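J.: One structure coming up, written as structure tokens, with questions to follow.
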Amino acid sequence: MALRMKGRAWVFGDNVPNDDGIMPLSMTREQIYDPSILSQHCFEQLEPRFVKEVREGDIVVGGKNFGFGNAHIQGFLGLKGCGVGIVAESMARAPTRTCVNAGVPLLCPVEDIAKSIQNGDEVSVDFETGIIRNLTQNVEIRGQSLPPVMSEIIAAGGGMEHMRQQIGTSRGEKE
């Protein structure tokens with residue numbers, strides 16, 4: 001997964017739940033794990049235009065408490081299937097780890113990010129350095145980048161892919 005992205009901002013604000021926010025709970029109940037299927041349902045209850053208009057490289061901007069609730073992986077796998085990254089003011093530990101495990105690029109915490117970017121602004125994000133550029137408003141924002149091991153997991157495409165690479169490397173296989 002790319003650790004640098006450029007695209008349109010989708011601003012969702014504070015207290016966006018994982019279940020019935022990022023992803024309908026029905027996808028978890030049906031035990032669907034395919035990112036290409038899940039991507040067709042992201043934010044359908046909050047912003048029906050999202051699945052029709054999202055493009056790879058777009059950035060989901062969350063306020064405080066983004067992705068709260070149960071740490072089901074379906075919402076983050078859906079976002080991975082969309083090819084987007086996340087920049088949020090705050091996320092609890094469980095959704096942060098679930099997001100990383102799904103392989104979705106993430107910057108969090110980023111103070112007042114939902115106030116610094118408008119829905120539809122063109123933004124570029126370097127998830128390794130924590131630099132966010134709002135190209136529409138010509139503003140640069142610095143966020144806190146993830147620890148190196150979490151960046152490695154995201155770059156590998158998620159927890160399972162990272163584990164496969166690590167096992168292959170320990171057996172002398174090339175990455």
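Ordering of the structure tokens sets the chain letters (A, B, ...), residue numbers begin anew at 1 in every chain, and ligands are numbered from 1 in the order given.
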As number ranges by chain, please: every residue in chain A that DSSP puts in alpha helix (DSSP H).

T.: A: 25-29, 35-38, 49-53, 74-82, 93-102, 113-116, 148-156, 159-170

J.: Show which residues sit within 9 Å of Met91 of chain A, as a list of chain:residue names. Count only C-alpha atoms, and ignore same-chain residues fewer than 5 positions away.

T.: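 These residues fall inside the cut-off: A:Gly62, A:Gly63, A:Lys64, A:Asn65, A:Phe66, A:Gly67, A:Phe68, A:Thr96, A:Cys108, A:Pro109.
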
J.: Selection from above, N, CA and C atoms, as a PDB file, in the first residue's frame, can you write it?

T.:
```
ATOM      1  N   GLY A  62     -11.224  12.325   9.507  1.00  0.00           N
ATOM      2  CA  GLY A  62     -12.100  12.132  10.654  1.00  0.00           C
ATOM      3  C   GLY A  62     -11.744  13.088  11.765  1.00  0.00           C
ATOM      4  N   GLY A  63     -12.749  13.449  12.536  1.00  0.00           N
ATOM      5  CA  GLY A  63     -12.515  14.298  13.699  1.00  0.00           C
ATOM      6  C   GLY A  63     -12.120  13.463  14.898  1.00  0.00           C
ATOM      7  N   LYS A  64     -12.664  13.825  16.044  1.00  0.00           N
ATOM      8  CA  LYS A  64     -12.384  13.102  17.283  1.00  0.00           C
ATOM      9  C   LYS A  64     -13.156  11.790  17.295  1.00  0.00           C
ATOM     10  N   ASN A  65     -12.511  10.758  17.855  1.00  0.00           N
ATOM     11  CA  ASN A  65     -13.163   9.472  18.100  1.00  0.00           C
ATOM     12  C   ASN A  65     -13.600   8.776  16.809  1.00  0.00           C
ATOM     13  N   PHE A  66     -12.776   8.844  15.782  1.00  0.00           N
ATOM     14  CA  PHE A  66     -13.106   8.219  14.500  1.00  0.00           C
ATOM     15  C   PHE A  66     -13.063   6.701  14.631  1.00  0.00           C
ATOM     16  N   GLY A  67     -14.049   6.013  14.078  1.00  0.00           N
ATOM     17  CA  GLY A  67     -14.077   4.551  14.045  1.00  0.00           C
ATOM     18  C   GLY A  67     -14.363   3.902  15.386  1.00  0.00           C
ATOM     19  N   PHE A  68     -15.024   4.619  16.293  1.00  0.00           N
ATOM     20  CA  PHE A  68     -15.241   4.085  17.641  1.00  0.00           C
ATOM     21  C   PHE A  68     -16.196   2.887  17.623  1.00  0.00           C
ATOM     22  N   THR A  96      -7.462   1.860  15.772  1.00  0.00           N
ATOM     23  CA  THR A  96      -6.175   2.196  15.165  1.00  0.00           C
ATOM     24  C   THR A  96      -5.455   0.919  14.757  1.00  0.00           C
ATOM     25  N   CYS A 108      -2.654   9.656  12.783  1.00  0.00           N
ATOM     26  CA  CYS A 108      -3.474   9.981  13.936  1.00  0.00           C
ATOM     27  C   CYS A 108      -2.578   9.972  15.168  1.00  0.00           C
ATOM     28  N   PRO A 109      -2.662  10.942  16.030  1.00  0.00           N
ATOM     29  CA  PRO A 109      -3.592  12.075  16.047  1.00  0.00           C
ATOM     30  C   PRO A 109      -3.084  13.266  15.228  1.00  0.00           C
TER      31      PRO A 109
END
```

J.: Contacts of Thr98 of chain A at 8 Å or less, counting only C-alpha atoms, minus same-chain residues fewer than 2 places along, as a list of chain:residue names?

T.: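 Residues meeting the cut-off are A:Ala71, A:His72, A:Ile73, A:Phe76, A:Ala94, A:Pro95, A:Thr96, A:Val100, A:Asn101, A:Ala102.
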
J.: Between A:His41, A:Lys52, A:Lys6, A:Arg97, which has the minimum distance to Ile153 of chain A (counting only C-alpha atoms)?

T.: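 Once distances to Ile153 of chain A are computed over only C-alpha atoms, the minimum belongs to A:Arg97.
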
J.: Compare A:Gly103, A:Pro148, A:Gly120, A:Gly157 by their minimum atom-to-atom distance to Arg8 of chain A, counting only C-alpha atoms, and give me the closest one.

T.: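 Among the listed residues, the smallest separation from Arg8 of chain A belongs to A:Gly120.
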
J.: Atom CA of Gln45 of chain A and atom CA of Met5 of chain A, how far apart in Å?

T.: 25.5 Å

J.: Run DSSP on the backbone of this structure and report the residues of segment 58-148 of chain A it assigns to strand (DSSP E), as a PyMOL selection string.

T.: chain A and resi 59-62+85-88+106-107+122-126+131-134+139-142

J.: Only N, CA and C atoms, please: the residues just picked out, written as a PDB file, in the first residue's frame.

T.:
```pdb
ATOM      1  N   ILE A  59      -8.577  10.821   0.528  1.00  0.00           N
ATOM      2  CA  ILE A  59      -8.267  10.822   1.955  1.00  0.00           C
ATOM      3  C   ILE A  59      -9.545  11.005   2.762  1.00  0.00           C
ATOM      4  N   VAL A  60      -9.797  10.078   3.678  1.00  0.00           N
ATOM      5  CA  VAL A  60     -10.898  10.200   4.624  1.00  0.00           C
ATOM      6  C   VAL A  60     -10.374  11.005   5.807  1.00  0.00           C
ATOM      7  N   VAL A  61     -11.071  12.085   6.140  1.00  0.00           N
ATOM      8  CA  VAL A  61     -10.675  12.949   7.245  1.00  0.00           C
ATOM      9  C   VAL A  61     -11.702  12.779   8.362  1.00  0.00           C
ATOM     10  N   GLY A  62     -11.224  12.325   9.507  1.00  0.00           N
ATOM     11  CA  GLY A  62     -12.100  12.132  10.654  1.00  0.00           C
ATOM     12  C   GLY A  62     -11.744  13.088  11.765  1.00  0.00           C
ATOM     13  N   GLY A  85      -6.701   6.612   2.242  1.00  0.00           N
ATOM     14  CA  GLY A  85      -5.990   6.729   3.506  1.00  0.00           C
ATOM     15  C   GLY A  85      -6.864   7.477   4.492  1.00  0.00           C
ATOM     16  N   ILE A  86      -6.459   7.458   5.763  1.00  0.00           N
ATOM     17  CA  ILE A  86      -7.221   8.130   6.821  1.00  0.00           C
ATOM     18  C   ILE A  86      -6.307   9.104   7.558  1.00  0.00           C
ATOM     19  N   VAL A  87      -6.830  10.293   7.805  1.00  0.00           N
ATOM     20  CA  VAL A  87      -6.199  11.273   8.676  1.00  0.00           C
ATOM     21  C   VAL A  87      -7.269  11.641   9.694  1.00  0.00           C
ATOM     22  N   ALA A  88      -6.980  11.438  10.981  1.00  0.00           N
ATOM     23  CA  ALA A  88      -8.005  11.677  11.996  1.00  0.00           C
ATOM     24  C   ALA A  88      -7.444  12.439  13.185  1.00  0.00           C
ATOM     25  N   LEU A 106      -2.624   5.514   7.693  1.00  0.00           N
ATOM     26  CA  LEU A 106      -3.268   6.264   8.760  1.00  0.00           C
ATOM     27  C   LEU A 106      -2.307   7.274   9.381  1.00  0.00           C
ATOM     28  N   LEU A 107      -2.822   8.479   9.621  1.00  0.00           N
ATOM     29  CA  LEU A 107      -2.132   9.468  10.449  1.00  0.00           C
ATOM     30  C   LEU A 107      -3.086   9.853  11.568  1.00  0.00           C
ATOM     31  N   GLU A 122      -8.426  19.269  -2.390  1.00  0.00           N
ATOM     32  CA  GLU A 122      -7.367  18.411  -2.917  1.00  0.00           C
ATOM     33  C   GLU A 122      -6.239  18.389  -1.886  1.00  0.00           C
ATOM     34  N   VAL A 123      -5.855  17.195  -1.443  1.00  0.00           N
ATOM     35  CA  VAL A 123      -4.828  17.068  -0.414  1.00  0.00           C
ATOM     36  C   VAL A 123      -3.788  16.025  -0.812  1.00  0.00           C
ATOM     37  N   SER A 124      -2.588  16.206  -0.284  1.00  0.00           N
ATOM     38  CA  SER A 124      -1.558  15.175  -0.408  1.00  0.00           C
ATOM     39  C   SER A 124      -1.100  14.847   1.005  1.00  0.00           C
ATOM     40  N   VAL A 125      -0.840  13.562   1.242  1.00  0.00           N
ATOM     41  CA  VAL A 125      -0.446  13.110   2.570  1.00  0.00           C
ATOM     42  C   VAL A 125       0.755  12.186   2.445  1.00  0.00           C
ATOM     43  N   ASP A 126       1.782  12.481   3.232  1.00  0.00           N
ATOM     44  CA  ASP A 126       2.929  11.591   3.363  1.00  0.00           C
ATOM     45  C   ASP A 126       2.787  10.916   4.728  1.00  0.00           C
ATOM     46  N   ILE A 131       3.338  14.686   7.063  1.00  0.00           N
ATOM     47  CA  ILE A 131       3.048  15.973   6.428  1.00  0.00           C
ATOM     48  C   ILE A 131       1.798  15.859   5.553  1.00  0.00           C
ATOM     49  N   ILE A 132       0.865  16.769   5.837  1.00  0.00           N
ATOM     50  CA  ILE A 132      -0.398  16.848   5.093  1.00  0.00           C
ATOM     51  C   ILE A 132      -0.413  18.205   4.407  1.00  0.00           C
ATOM     52  N   ARG A 133      -0.635  18.200   3.124  1.00  0.00           N
ATOM     53  CA  ARG A 133      -0.721  19.461   2.376  1.00  0.00           C
ATOM     54  C   ARG A 133      -2.133  19.603   1.820  1.00  0.00           C
ATOM     55  N   ASN A 134      -2.789  20.681   2.206  1.00  0.00           N
ATOM     56  CA  ASN A 134      -4.074  21.017   1.619  1.00  0.00           C
ATOM     57  C   ASN A 134      -3.753  21.870   0.400  1.00  0.00           C
ATOM     58  N   VAL A 139      -2.107  25.098   2.448  1.00  0.00           N
ATOM     59  CA  VAL A 139      -1.774  25.008   3.866  1.00  0.00           C
ATOM     60  C   VAL A 139      -1.053  23.687   4.111  1.00  0.00           C
ATOM     61  N   GLU A 140      -0.043  23.722   4.976  1.00  0.00           N
ATOM     62  CA  GLU A 140       0.655  22.500   5.373  1.00  0.00           C
ATOM     63  C   GLU A 140       0.365  22.222   6.846  1.00  0.00           C
ATOM     64  N   ILE A 141       0.063  20.977   7.145  1.00  0.00           N
ATOM     65  CA  ILE A 141      -0.271  20.547   8.504  1.00  0.00           C
ATOM     66  C   ILE A 141       0.658  19.398   8.848  1.00  0.00           C
ATOM     67  N   ARG A 142       1.133  19.381  10.077  1.00  0.00           N
ATOM     68  CA  ARG A 142       1.990  18.279  10.520  1.00  0.00           C
ATOM     69  C   ARG A 142       1.221  17.398  11.479  1.00  0.00           C
TER      70      ARG A 142
END
```

J.: Determine, counting only C-alpha atoms, which protein, DNA and RNA residues have an atom within 8 Å of an atom of Leu79 of chain A; residues of the same chain fewer than 6 positions away are not included. Present the result as a ChimeraX atom specification.

T.: /A:35,38-39,42,85,104

J.: Go ahead and save the picked residues with C-alpha atoms, as a PDB file, in the first residue's frame.

T.:
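As a result, result-v8.pdb now contains:
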```
ATOM      1  CA  PRO A  35     -12.214  -5.713   0.341  1.00  0.00           C
ATOM      2  CA  LEU A  38     -16.862  -4.288   1.309  1.00  0.00           C
ATOM      3  CA  SER A  39     -15.648  -1.216  -0.614  1.00  0.00           C
ATOM      4  CA  CYS A  42     -18.293   2.212   2.898  1.00  0.00           C
ATOM      5  CA  GLY A  85      -5.990   6.729   3.506  1.00  0.00           C
ATOM      6  CA  VAL A 104      -4.991   1.251   5.500  1.00  0.00           C
TER       7      VAL A 104
END
```

J.: Using only C-alpha atoms, which residue out of A:Ala9, A:Met27, A:Leu3, A:Val54 lies closest to Gly75 of chain A?

T.: A:Met27

J.: Using only C-alpha atoms, which residue out of A:Gly69, A:Leu77, A:Asp20, A:Pro48 lies closest to Gly159 of chain A?

T.: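 Closest candidate: A:Leu77.
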
J.: So, counting only C-alpha atoms, which residue among A:Ser90, A:Asn138, A:Gln74, A:Gln40 is closest to Ser26 of chain A?

T.: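 Nearest candidate to Ser26 of chain A out of A:Ser90, A:Asn138, A:Gln74, A:Gln40: A:Gln74.
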